[in-house]
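Structure file target27.cif with mmCIF, N, CA and C atoms:
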```cif
data_input
#
loop_
_atom_site.label_atom_id
_atom_site.label_comp_id
_atom_site.auth_asym_id
_atom_site.auth_seq_id
_atom_site.Cartn_x
_atom_site.Cartn_y
_atom_site.Cartn_z
N MET Q 1435 -19.73 2.69 -5.94
CA MET Q 1435 -18.98 3.01 -4.75
C MET Q 1435 -19.44 4.38 -4.25
N SER Q 1436 -19.75 4.45 -3.00
CA SER Q 1436 -20.17 5.69 -2.39
C SER Q 1436 -19.02 6.70 -2.39
N THR Q 1437 -19.35 7.95 -2.43
CA THR Q 1437 -18.32 8.99 -2.39
C THR Q 1437 -18.43 9.79 -1.10
N GLY Q 1438 -18.75 9.11 0.00
CA GLY Q 1438 -18.85 9.77 1.30
C GLY Q 1438 -17.59 10.54 1.62
N GLY Q 1439 -17.74 11.57 2.44
CA GLY Q 1439 -16.61 12.44 2.76
C GLY Q 1439 -15.48 11.71 3.47
N ARG Q 1440 -14.28 12.14 3.18
CA ARG Q 1440 -13.10 11.57 3.80
C ARG Q 1440 -13.10 11.94 5.27
N LEU Q 1441 -12.82 10.95 6.12
CA LEU Q 1441 -12.77 11.16 7.56
C LEU Q 1441 -11.39 11.52 8.05
N GLN Q 1442 -10.36 10.88 7.49
CA GLN Q 1442 -8.98 11.07 7.93
C GLN Q 1442 -8.06 11.01 6.72
N VAL Q 1443 -6.96 11.74 6.79
CA VAL Q 1443 -5.90 11.63 5.79
C VAL Q 1443 -4.56 11.68 6.53
N HIS Q 1444 -3.64 10.82 6.13
CA HIS Q 1444 -2.31 10.74 6.74
C HIS Q 1444 -1.31 10.66 5.60
N GLU Q 1445 -0.23 11.44 5.67
CA GLU Q 1445 0.74 11.50 4.58
C GLU Q 1445 2.16 11.25 5.07
N LEU Q 1446 2.94 10.64 4.18
CA LEU Q 1446 4.35 10.38 4.44
C LEU Q 1446 5.13 10.72 3.17
N HIS Q 1447 6.19 11.48 3.34
CA HIS Q 1447 7.11 11.81 2.25
C HIS Q 1447 8.49 11.37 2.72
N ALA Q 1448 9.06 10.37 2.05
CA ALA Q 1448 10.32 9.79 2.54
C ALA Q 1448 11.15 9.26 1.38
N CYS Q 1449 12.40 9.01 1.68
CA CYS Q 1449 13.28 8.29 0.76
C CYS Q 1449 13.15 6.81 1.07
N THR Q 1450 13.32 6.00 0.06
CA THR Q 1450 13.21 4.56 0.28
C THR Q 1450 14.52 4.00 0.77
N ASP Q 1451 14.57 3.76 2.06
CA ASP Q 1451 15.68 3.09 2.70
C ASP Q 1451 15.04 2.16 3.73
N PRO Q 1452 15.81 1.33 4.40
CA PRO Q 1452 15.21 0.41 5.37
C PRO Q 1452 14.35 1.13 6.42
N GLU Q 1453 14.70 2.35 6.78
CA GLU Q 1453 13.92 3.10 7.76
C GLU Q 1453 12.53 3.48 7.23
N CYS Q 1454 12.40 3.51 5.91
CA CYS Q 1454 11.13 3.89 5.29
C CYS Q 1454 10.00 2.97 5.75
N LEU Q 1455 10.26 1.68 5.84
CA LEU Q 1455 9.20 0.75 6.25
C LEU Q 1455 8.77 1.01 7.69
N ASN Q 1456 9.70 1.39 8.55
CA ASN Q 1456 9.33 1.76 9.92
C ASN Q 1456 8.44 2.99 9.92
N LYS Q 1457 8.72 3.93 9.02
CA LYS Q 1457 7.89 5.13 8.92
C LYS Q 1457 6.49 4.79 8.42
N VAL Q 1458 6.39 3.84 7.51
CA VAL Q 1458 5.07 3.41 7.02
C VAL Q 1458 4.29 2.75 8.16
N HIS Q 1459 4.95 1.88 8.92
CA HIS Q 1459 4.31 1.26 10.09
C HIS Q 1459 3.82 2.32 11.07
N SER Q 1460 4.65 3.33 11.33
CA SER Q 1460 4.28 4.41 12.25
C SER Q 1460 3.08 5.20 11.74
N LEU Q 1461 3.06 5.46 10.44
CA LEU Q 1461 1.94 6.20 9.86
C LEU Q 1461 0.65 5.40 9.98
N LEU Q 1462 0.72 4.09 9.74
CA LEU Q 1462 -0.46 3.25 9.90
C LEU Q 1462 -0.92 3.24 11.36
N ALA Q 1463 0.02 3.13 12.29
CA ALA Q 1463 -0.33 3.14 13.72
C ALA Q 1463 -1.03 4.45 14.09
N GLU Q 1464 -0.52 5.55 13.57
CA GLU Q 1464 -1.15 6.86 13.81
C GLU Q 1464 -2.57 6.87 13.26
N MET Q 1465 -2.74 6.31 12.06
CA MET Q 1465 -4.07 6.28 11.45
C MET Q 1465 -5.05 5.49 12.31
N TRP Q 1466 -4.61 4.36 12.83
CA TRP Q 1466 -5.53 3.54 13.64
C TRP Q 1466 -5.90 4.22 14.95
N THR Q 1467 -5.01 5.04 15.51
CA THR Q 1467 -5.36 5.72 16.76
C THR Q 1467 -6.42 6.79 16.54
N THR Q 1468 -6.51 7.32 15.34
CA THR Q 1468 -7.52 8.34 15.05
C THR Q 1468 -8.73 7.78 14.32
N SER Q 1469 -8.67 6.51 13.95
CA SER Q 1469 -9.79 5.86 13.24
C SER Q 1469 -10.17 4.59 13.99
N THR Q 1470 -10.63 4.76 15.21
CA THR Q 1470 -10.88 3.62 16.09
C THR Q 1470 -12.08 2.78 15.68
N ASP Q 1471 -12.90 3.27 14.75
CA ASP Q 1471 -14.08 2.50 14.33
C ASP Q 1471 -13.78 1.53 13.19
N VAL Q 1472 -12.53 1.48 12.72
CA VAL Q 1472 -12.15 0.53 11.66
C VAL Q 1472 -11.99 -0.85 12.30
N SER Q 1473 -12.65 -1.85 11.70
CA SER Q 1473 -12.61 -3.21 12.27
C SER Q 1473 -11.19 -3.78 12.25
N GLU Q 1474 -10.94 -4.72 13.14
CA GLU Q 1474 -9.63 -5.37 13.23
C GLU Q 1474 -9.30 -6.09 11.92
N VAL Q 1475 -10.28 -6.74 11.33
CA VAL Q 1475 -10.05 -7.45 10.05
C VAL Q 1475 -9.62 -6.46 8.97
N ASP Q 1476 -10.32 -5.33 8.88
CA ASP Q 1476 -9.96 -4.33 7.87
C ASP Q 1476 -8.57 -3.75 8.14
N ARG Q 1477 -8.25 -3.53 9.39
CA ARG Q 1477 -6.93 -3.01 9.74
C ARG Q 1477 -5.83 -3.96 9.29
N VAL Q 1478 -5.97 -5.22 9.65
CA VAL Q 1478 -4.93 -6.21 9.33
C VAL Q 1478 -4.79 -6.38 7.82
N MET Q 1479 -5.90 -6.51 7.12
CA MET Q 1479 -5.84 -6.73 5.67
C MET Q 1479 -5.26 -5.52 4.95
N PHE Q 1480 -5.73 -4.33 5.30
CA PHE Q 1480 -5.25 -3.10 4.66
C PHE Q 1480 -3.77 -2.89 4.97
N GLU Q 1481 -3.40 -3.06 6.21
CA GLU Q 1481 -2.01 -2.85 6.61
C GLU Q 1481 -1.10 -3.85 5.90
N THR Q 1482 -1.52 -5.09 5.77
CA THR Q 1482 -0.74 -6.09 5.04
C THR Q 1482 -0.48 -5.63 3.61
N ALA Q 1483 -1.52 -5.18 2.94
CA ALA Q 1483 -1.37 -4.74 1.55
C ALA Q 1483 -0.44 -3.53 1.44
N VAL Q 1484 -0.62 -2.55 2.32
CA VAL Q 1484 0.21 -1.34 2.28
C VAL Q 1484 1.68 -1.68 2.52
N ILE Q 1485 1.94 -2.51 3.52
CA ILE Q 1485 3.33 -2.87 3.85
C ILE Q 1485 3.96 -3.68 2.72
N GLU Q 1486 3.21 -4.56 2.10
CA GLU Q 1486 3.76 -5.36 0.99
C GLU Q 1486 4.14 -4.48 -0.19
N VAL Q 1487 3.28 -3.53 -0.55
CA VAL Q 1487 3.60 -2.63 -1.66
C VAL Q 1487 4.78 -1.74 -1.28
N ALA Q 1488 4.79 -1.20 -0.07
CA ALA Q 1488 5.92 -0.38 0.38
C ALA Q 1488 7.21 -1.18 0.33
N GLY Q 1489 7.17 -2.43 0.77
CA GLY Q 1489 8.35 -3.28 0.72
C GLY Q 1489 8.86 -3.49 -0.69
N ASN Q 1490 7.95 -3.67 -1.63
CA ASN Q 1490 8.36 -3.83 -3.03
C ASN Q 1490 9.00 -2.56 -3.56
N ILE Q 1491 8.45 -1.39 -3.19
CA ILE Q 1491 9.03 -0.13 -3.64
C ILE Q 1491 10.44 0.02 -3.08
N VAL Q 1492 10.61 -0.27 -1.80
CA VAL Q 1492 11.93 -0.15 -1.17
C VAL Q 1492 12.91 -1.14 -1.80
N GLN Q 1493 12.47 -2.38 -1.99
CA GLN Q 1493 13.38 -3.41 -2.48
C GLN Q 1493 13.71 -3.27 -3.96
N HIS Q 1494 12.70 -2.99 -4.78
CA HIS Q 1494 12.91 -3.03 -6.23
C HIS Q 1494 12.99 -1.66 -6.88
N GLY Q 1495 12.38 -0.65 -6.30
CA GLY Q 1495 12.33 0.66 -6.94
C GLY Q 1495 13.62 1.43 -6.88
N ALA Q 1496 14.46 1.10 -5.93
CA ALA Q 1496 15.69 1.87 -5.72
C ALA Q 1496 16.90 1.24 -6.38
N GLU Q 1497 16.70 0.45 -7.41
CA GLU Q 1497 17.83 -0.19 -8.08
C GLU Q 1497 18.83 0.81 -8.62
N ALA Q 1498 18.37 2.02 -8.95
CA ALA Q 1498 19.26 3.03 -9.52
C ALA Q 1498 19.70 4.05 -8.48
N GLY Q 1499 19.46 3.79 -7.21
CA GLY Q 1499 19.85 4.73 -6.16
C GLY Q 1499 18.66 5.12 -5.30
N SER Q 1500 18.78 6.24 -4.62
CA SER Q 1500 17.73 6.70 -3.70
C SER Q 1500 16.45 7.04 -4.46
N VAL Q 1501 15.33 6.70 -3.86
CA VAL Q 1501 14.02 6.93 -4.45
C VAL Q 1501 13.19 7.73 -3.48
N ASN Q 1502 12.50 8.74 -4.00
CA ASN Q 1502 11.55 9.49 -3.19
C ASN Q 1502 10.19 8.83 -3.31
N CYS Q 1503 9.53 8.66 -2.17
CA CYS Q 1503 8.24 7.98 -2.15
C CYS Q 1503 7.25 8.80 -1.33
N ASN Q 1504 6.07 8.97 -1.85
CA ASN Q 1504 4.98 9.65 -1.15
C ASN Q 1504 3.87 8.62 -0.93
N LEU Q 1505 3.31 8.64 0.27
CA LEU Q 1505 2.21 7.75 0.62
C LEU Q 1505 1.11 8.58 1.24
N ILE Q 1506 -0.09 8.42 0.74
CA ILE Q 1506 -1.26 9.06 1.32
C ILE Q 1506 -2.24 7.96 1.71
N LEU Q 1507 -2.61 7.95 2.98
CA LEU Q 1507 -3.61 7.02 3.50
C LEU Q 1507 -4.88 7.80 3.78
N GLU Q 1508 -6.01 7.26 3.35
CA GLU Q 1508 -7.29 7.93 3.54
C GLU Q 1508 -8.31 6.98 4.14
N VAL Q 1509 -9.07 7.50 5.09
CA VAL Q 1509 -10.14 6.74 5.71
C VAL Q 1509 -11.46 7.39 5.31
N TYR Q 1510 -12.32 6.60 4.69
CA TYR Q 1510 -13.67 7.03 4.31
C TYR Q 1510 -14.66 6.19 5.10
N PRO Q 1511 -15.89 6.63 5.19
CA PRO Q 1511 -16.88 5.82 5.92
C PRO Q 1511 -17.03 4.40 5.35
N GLU Q 1512 -16.83 4.25 4.04
CA GLU Q 1512 -17.06 2.96 3.40
C GLU Q 1512 -15.80 2.25 2.92
N ARG Q 1513 -14.63 2.90 2.98
CA ARG Q 1513 -13.41 2.26 2.45
C ARG Q 1513 -12.16 2.88 3.05
N LEU Q 1514 -11.04 2.18 2.81
CA LEU Q 1514 -9.70 2.64 3.17
C LEU Q 1514 -8.90 2.70 1.88
N ASP Q 1515 -8.20 3.81 1.65
CA ASP Q 1515 -7.42 3.98 0.42
C ASP Q 1515 -5.96 4.28 0.75
N ALA Q 1516 -5.08 3.81 -0.11
CA ALA Q 1516 -3.66 4.16 -0.03
C ALA Q 1516 -3.20 4.51 -1.44
N HIS Q 1517 -2.42 5.59 -1.53
CA HIS Q 1517 -1.87 6.04 -2.81
C HIS Q 1517 -0.37 6.21 -2.63
N PHE Q 1518 0.41 5.46 -3.40
CA PHE Q 1518 1.86 5.60 -3.42
C PHE Q 1518 2.26 6.28 -4.72
N ARG Q 1519 3.26 7.15 -4.64
CA ARG Q 1519 3.91 7.68 -5.83
C ARG Q 1519 5.40 7.66 -5.54
N ASP Q 1520 6.17 7.06 -6.45
CA ASP Q 1520 7.62 7.04 -6.28
C ASP Q 1520 8.30 7.29 -7.60
N ASP Q 1521 9.54 7.77 -7.52
CA ASP Q 1521 10.29 8.09 -8.73
C ASP Q 1521 11.35 7.03 -9.04
N GLY Q 1522 11.09 5.81 -8.60
CA GLY Q 1522 12.01 4.70 -8.84
C GLY Q 1522 11.89 4.14 -10.24
N VAL Q 1523 12.58 3.04 -10.46
CA VAL Q 1523 12.55 2.38 -11.76
C VAL Q 1523 11.16 1.82 -12.01
N THR Q 1524 10.86 1.59 -13.28
CA THR Q 1524 9.56 1.03 -13.64
C THR Q 1524 9.36 -0.32 -12.98
N ALA Q 1525 8.21 -0.52 -12.39
CA ALA Q 1525 7.87 -1.81 -11.79
C ALA Q 1525 7.28 -2.69 -12.89
N HIS Q 1526 7.94 -3.77 -13.20
CA HIS Q 1526 7.44 -4.68 -14.23
C HIS Q 1526 6.58 -5.72 -13.54
N VAL Q 1527 5.31 -5.38 -13.35
CA VAL Q 1527 4.39 -6.24 -12.63
C VAL Q 1527 3.15 -6.50 -13.46
N ASP Q 1528 2.55 -7.66 -13.24
CA ASP Q 1528 1.27 -8.01 -13.81
C ASP Q 1528 0.36 -8.36 -12.64
N ILE Q 1529 -0.35 -7.38 -12.14
CA ILE Q 1529 -1.17 -7.57 -10.96
C ILE Q 1529 -2.22 -8.65 -11.19
N GLY Q 1530 -2.80 -8.69 -12.37
CA GLY Q 1530 -3.81 -9.70 -12.67
C GLY Q 1530 -3.28 -11.12 -12.58
N ALA Q 1531 -2.01 -11.32 -12.85
CA ALA Q 1531 -1.41 -12.66 -12.82
C ALA Q 1531 -0.79 -13.00 -11.47
N ALA Q 1532 -0.78 -12.07 -10.54
CA ALA Q 1532 -0.14 -12.31 -9.24
C ALA Q 1532 -0.86 -13.43 -8.49
N GLN Q 1533 -0.09 -14.43 -8.07
CA GLN Q 1533 -0.64 -15.52 -7.28
C GLN Q 1533 0.44 -16.05 -6.34
N MET Q 1534 -0.02 -16.74 -5.31
CA MET Q 1534 0.93 -17.25 -4.31
C MET Q 1534 1.86 -18.28 -4.94
N PRO Q 1535 3.15 -18.20 -4.63
CA PRO Q 1535 4.10 -19.19 -5.14
C PRO Q 1535 3.97 -20.50 -4.36
N GLU Q 1536 4.78 -21.47 -4.73
CA GLU Q 1536 4.78 -22.75 -4.02
C GLU Q 1536 5.13 -22.53 -2.55
N ALA Q 1537 4.74 -23.47 -1.72
CA ALA Q 1537 4.86 -23.34 -0.26
C ALA Q 1537 6.28 -23.01 0.21
N PHE Q 1538 7.30 -23.56 -0.42
CA PHE Q 1538 8.66 -23.36 0.06
C PHE Q 1538 9.43 -22.26 -0.68
N ALA Q 1539 8.74 -21.52 -1.56
CA ALA Q 1539 9.40 -20.42 -2.26
C ALA Q 1539 9.77 -19.34 -1.25
N GLU Q 1540 10.94 -18.73 -1.44
CA GLU Q 1540 11.42 -17.72 -0.49
C GLU Q 1540 10.98 -16.31 -0.84
N THR Q 1541 10.51 -16.09 -2.06
CA THR Q 1541 10.06 -14.76 -2.49
C THR Q 1541 8.81 -14.91 -3.34
N GLY Q 1542 8.23 -13.76 -3.70
CA GLY Q 1542 7.13 -13.77 -4.65
C GLY Q 1542 5.74 -13.74 -4.04
N ARG Q 1543 5.63 -13.53 -2.74
CA ARG Q 1543 4.31 -13.52 -2.10
C ARG Q 1543 3.70 -12.13 -1.96
N GLY Q 1544 4.52 -11.10 -1.95
CA GLY Q 1544 4.08 -9.76 -1.61
C GLY Q 1544 2.92 -9.24 -2.41
N LEU Q 1545 3.04 -9.25 -3.72
CA LEU Q 1545 1.99 -8.73 -4.58
C LEU Q 1545 0.72 -9.58 -4.48
N ALA Q 1546 0.89 -10.89 -4.42
CA ALA Q 1546 -0.27 -11.77 -4.29
C ALA Q 1546 -1.00 -11.53 -2.96
N MET Q 1547 -0.23 -11.34 -1.88
CA MET Q 1547 -0.85 -11.06 -0.58
C MET Q 1547 -1.58 -9.72 -0.61
N ALA Q 1548 -0.95 -8.71 -1.20
CA ALA Q 1548 -1.60 -7.39 -1.29
C ALA Q 1548 -2.89 -7.48 -2.09
N LYS Q 1549 -2.83 -8.18 -3.20
CA LYS Q 1549 -4.00 -8.32 -4.07
C LYS Q 1549 -5.15 -9.01 -3.34
N ALA Q 1550 -4.83 -10.02 -2.53
CA ALA Q 1550 -5.87 -10.76 -1.80
C ALA Q 1550 -6.46 -9.94 -0.65
N ALA Q 1551 -5.73 -8.96 -0.16
CA ALA Q 1551 -6.15 -8.22 1.03
C ALA Q 1551 -7.01 -6.99 0.72
N VAL Q 1552 -7.01 -6.54 -0.52
CA VAL Q 1552 -7.78 -5.34 -0.88
C VAL Q 1552 -8.69 -5.62 -2.06
N ASP Q 1553 -9.62 -4.70 -2.29
CA ASP Q 1553 -10.55 -4.84 -3.42
C ASP Q 1553 -9.98 -4.25 -4.70
N VAL Q 1554 -9.13 -3.25 -4.55
CA VAL Q 1554 -8.50 -2.60 -5.70
C VAL Q 1554 -7.00 -2.54 -5.45
N LEU Q 1555 -6.24 -3.02 -6.41
CA LEU Q 1555 -4.79 -2.88 -6.40
C LEU Q 1555 -4.41 -2.57 -7.84
N SER Q 1556 -3.89 -1.36 -8.05
CA SER Q 1556 -3.52 -0.99 -9.42
C SER Q 1556 -2.15 -0.33 -9.43
N TYR Q 1557 -1.50 -0.43 -10.58
CA TYR Q 1557 -0.19 0.16 -10.79
C TYR Q 1557 -0.19 0.84 -12.15
N GLU Q 1558 0.44 2.00 -12.19
CA GLU Q 1558 0.56 2.74 -13.45
C GLU Q 1558 1.89 3.50 -13.45
N ARG Q 1559 2.55 3.51 -14.59
CA ARG Q 1559 3.77 4.32 -14.77
C ARG Q 1559 3.35 5.53 -15.58
N ARG Q 1560 3.59 6.73 -15.03
CA ARG Q 1560 3.14 7.94 -15.69
C ARG Q 1560 4.16 9.05 -15.44
N ASN Q 1561 4.61 9.70 -16.51
CA ASN Q 1561 5.54 10.84 -16.43
C ASN Q 1561 6.77 10.54 -15.57
N GLY Q 1562 7.31 9.34 -15.70
CA GLY Q 1562 8.53 8.97 -14.99
C GLY Q 1562 8.34 8.54 -13.55
N ASP Q 1563 7.10 8.45 -13.09
CA ASP Q 1563 6.80 8.03 -11.72
C ASP Q 1563 5.92 6.79 -11.71
N ASN Q 1564 6.02 6.05 -10.61
CA ASN Q 1564 5.17 4.89 -10.38
C ASN Q 1564 4.02 5.30 -9.48
N TYR Q 1565 2.82 4.88 -9.83
CA TYR Q 1565 1.63 5.18 -9.04
C TYR Q 1565 0.94 3.86 -8.67
N TRP Q 1566 0.75 3.68 -7.39
CA TRP Q 1566 0.05 2.50 -6.88
C TRP Q 1566 -1.20 2.97 -6.15
N LYS Q 1567 -2.31 2.28 -6.36
CA LYS Q 1567 -3.54 2.59 -5.63
C LYS Q 1567 -4.04 1.30 -5.00
N LEU Q 1568 -4.40 1.40 -3.72
CA LEU Q 1568 -4.98 0.28 -2.99
C LEU Q 1568 -6.27 0.78 -2.35
N SER Q 1569 -7.29 -0.05 -2.38
CA SER Q 1569 -8.55 0.33 -1.75
C SER Q 1569 -9.21 -0.92 -1.18
N ARG Q 1570 -9.69 -0.79 0.06
CA ARG Q 1570 -10.40 -1.89 0.71
C ARG Q 1570 -11.74 -1.39 1.20
N THR Q 1571 -12.81 -2.07 0.80
CA THR Q 1571 -14.14 -1.75 1.30
C THR Q 1571 -14.21 -2.18 2.75
N ARG Q 1572 -14.68 -1.28 3.60
CA ARG Q 1572 -14.76 -1.57 5.04
C ARG Q 1572 -15.93 -2.51 5.32
N THR Q 1573 -15.66 -3.45 6.21
CA THR Q 1573 -16.73 -4.36 6.64
C THR Q 1573 -17.51 -3.69 7.75
N ARG Q 1574 -18.73 -4.06 7.86
CA ARG Q 1574 -19.59 -3.52 8.92
C ARG Q 1574 -19.91 -4.65 9.90
N GLY Q 1575 -19.69 -4.38 11.16
CA GLY Q 1575 -19.87 -5.42 12.17
C GLY Q 1575 -21.12 -5.31 12.96
#
```

So, in terms of structure tokens, how does the structure I just supplied come out?
Amino acid sequence: MSTGGRLQVHELHACTDPECLNKVHSLLAEMWTTSTDVSEVDRVMFETAVIEVAGNIVQHGAEAGSVNCNLILEVYPERLDAHFRDDGVTAHVDIGAAQMPEAFAETGRGLAMAKAAVDVLSYERRNGDNYWKLSRTRTRG
């Protein structure tokens, strides 16, 4: 993987409440206005993955109350990265086993969709915090 210089960085520091997802959408919209050379396919796939992980943090991470969440979005010449850190409960996930549920299932698609949309999706619990990393290699048109 190339280590070309970062072109853009966008950050969000918020509590996980329903408004948090609107803030994530706004941050992504801001990123796209300053990164106009990112292809539509890369935008849609990356945004899908970021929103799905954010939704899981909001829905499952705050079981014990309010959760602080930090999101850093980075645009590189060759990839798009997202880094989440939250102080919510441990996420009991197996990313390697994530797959789409049956057609009529009402839940369980988020992690599988995120995994399919990016090249790297990882989760780690460290020092009482959850760390998520997402990375998508940019397509060239």

Next on the checklist: Could you list, as JSON, numbers by chain, every residue matched by the PyMOL selection byres (((chain Q and resi 1519-1524 and name CA) around 8) and name CA) in this structure?
Outcome noted: {"Q": [1491, 1494, 1495, 1496, 1497, 1498, 1500, 1501, 1502, 1503, 1504, 1505, 1517, 1518, 1525, 1526, 1559, 1562, 1563, 1564, 1565, 1566]}

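Using only N, CA and C atoms, the nearest neighbour of His1447 in chain Q within the list Q:Leu1555, Q:Pro1511, Q:Ile1506, Q:Val1484 is Q:Ile1506.
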
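From CA of Asn1490 in chain Q back to CA of Cys1454 in chain Q, the distance works out to 11.7 Å.
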
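When CA of Arg1574 in chain Q is paired with CA of Ser1556 in chain Q, their separation reads 24.5 Å.
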
Checklist entry - Taking only C-alpha atoms into account, which of Q:Asp1515, Q:Glu1558, Q:Glu1508, Q:Glu1486 comes nearest Gly1544 in chain Q? => result Q:Glu1486

Could you state which residues are captured by the PyMOL selection byres (((chain Q and resi 1440 and name CA) around 8) and name CA) in this file, as a short mmCIF file (atom, residue, chain, number, x, y, z; two decimals) with N, CA and C atoms, in the coordinates of the input?
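Final output, saved to expr13.cif:
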```cif
data_model
loop_
_atom_site.label_atom_id
_atom_site.label_comp_id
_atom_site.auth_asym_id
_atom_site.auth_seq_id
_atom_site.Cartn_x
_atom_site.Cartn_y
_atom_site.Cartn_z
N GLY Q 1438 -18.75 9.11 0.00
CA GLY Q 1438 -18.85 9.77 1.30
C GLY Q 1438 -17.59 10.54 1.62
N GLY Q 1439 -17.74 11.57 2.44
CA GLY Q 1439 -16.61 12.44 2.76
C GLY Q 1439 -15.48 11.71 3.47
N LEU Q 1441 -12.82 10.95 6.12
CA LEU Q 1441 -12.77 11.16 7.56
C LEU Q 1441 -11.39 11.52 8.05
N GLN Q 1442 -10.36 10.88 7.49
CA GLN Q 1442 -8.98 11.07 7.93
C GLN Q 1442 -8.06 11.01 6.72
N VAL Q 1443 -6.96 11.74 6.79
CA VAL Q 1443 -5.90 11.63 5.79
C VAL Q 1443 -4.56 11.68 6.53
N GLU Q 1508 -6.01 7.26 3.35
CA GLU Q 1508 -7.29 7.93 3.54
C GLU Q 1508 -8.31 6.98 4.14
N VAL Q 1509 -9.07 7.50 5.09
CA VAL Q 1509 -10.14 6.74 5.71
C VAL Q 1509 -11.46 7.39 5.31
N TYR Q 1510 -12.32 6.60 4.69
CA TYR Q 1510 -13.67 7.03 4.31
C TYR Q 1510 -14.66 6.19 5.10
N PRO Q 1511 -15.89 6.63 5.19
CA PRO Q 1511 -16.88 5.82 5.92
C PRO Q 1511 -17.03 4.40 5.35
#
```

Next on the checklist: So, with only C-alpha atoms as the atoms that count, which of Q:Val1487, Q:Leu1507, Q:Leu1568, Q:Met1547 lies closest to Ser1469 in chain Q?
Outcome noted: Q:Leu1507

Checklist entry - Counting only C-alpha atoms, which of Q:Val1492, Q:Met1465, Q:Ala1483, Q:Val1478 gets nearest to Cys1449 in chain Q? => result Q:Val1492

Item to check | One-decimal distance in Å that lies between CA of Leu1455 in chain Q and CA of Leu1545 in chain Q | outcome: 16.1 Å

Checklist entry - Counting only C-alpha atoms, what is within 6 Å of Val1552 in chain Q, bar same-chain residues fewer than 2 positions away, as an MDAnalysis selection string? => result chainID Q and resid 1549:1550 1554 1569:1570

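Nearest-residue note for Glu1481 in chain Q: choosing from Q:Arg1513, Q:Leu1462, Q:His1444, Q:Ala1546, the minimum distance belongs to Q:Leu1462, counting only N, CA and C atoms.
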
Where's the centre, and what are the edge lengths in Å to one decimal, of a box along x, y and z enclosing all listed atoms of range 1461-1475 of chain Q padded 4 Å per side, as lines of an AutoDock Vina configuration file?
```
center_x = -5.5
center_y = 0.4
center_z = 12.9
size_x = 25.1
size_y = 23.8
size_z = 15.8
```

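Between Gln1493 in chain Q and the residues Q:Tyr1557, Q:Thr1571, Q:Thr1470, Q:Asp1451, the shortest atom-to-atom distance, using only C-alpha atoms, involves Q:Asp1451.
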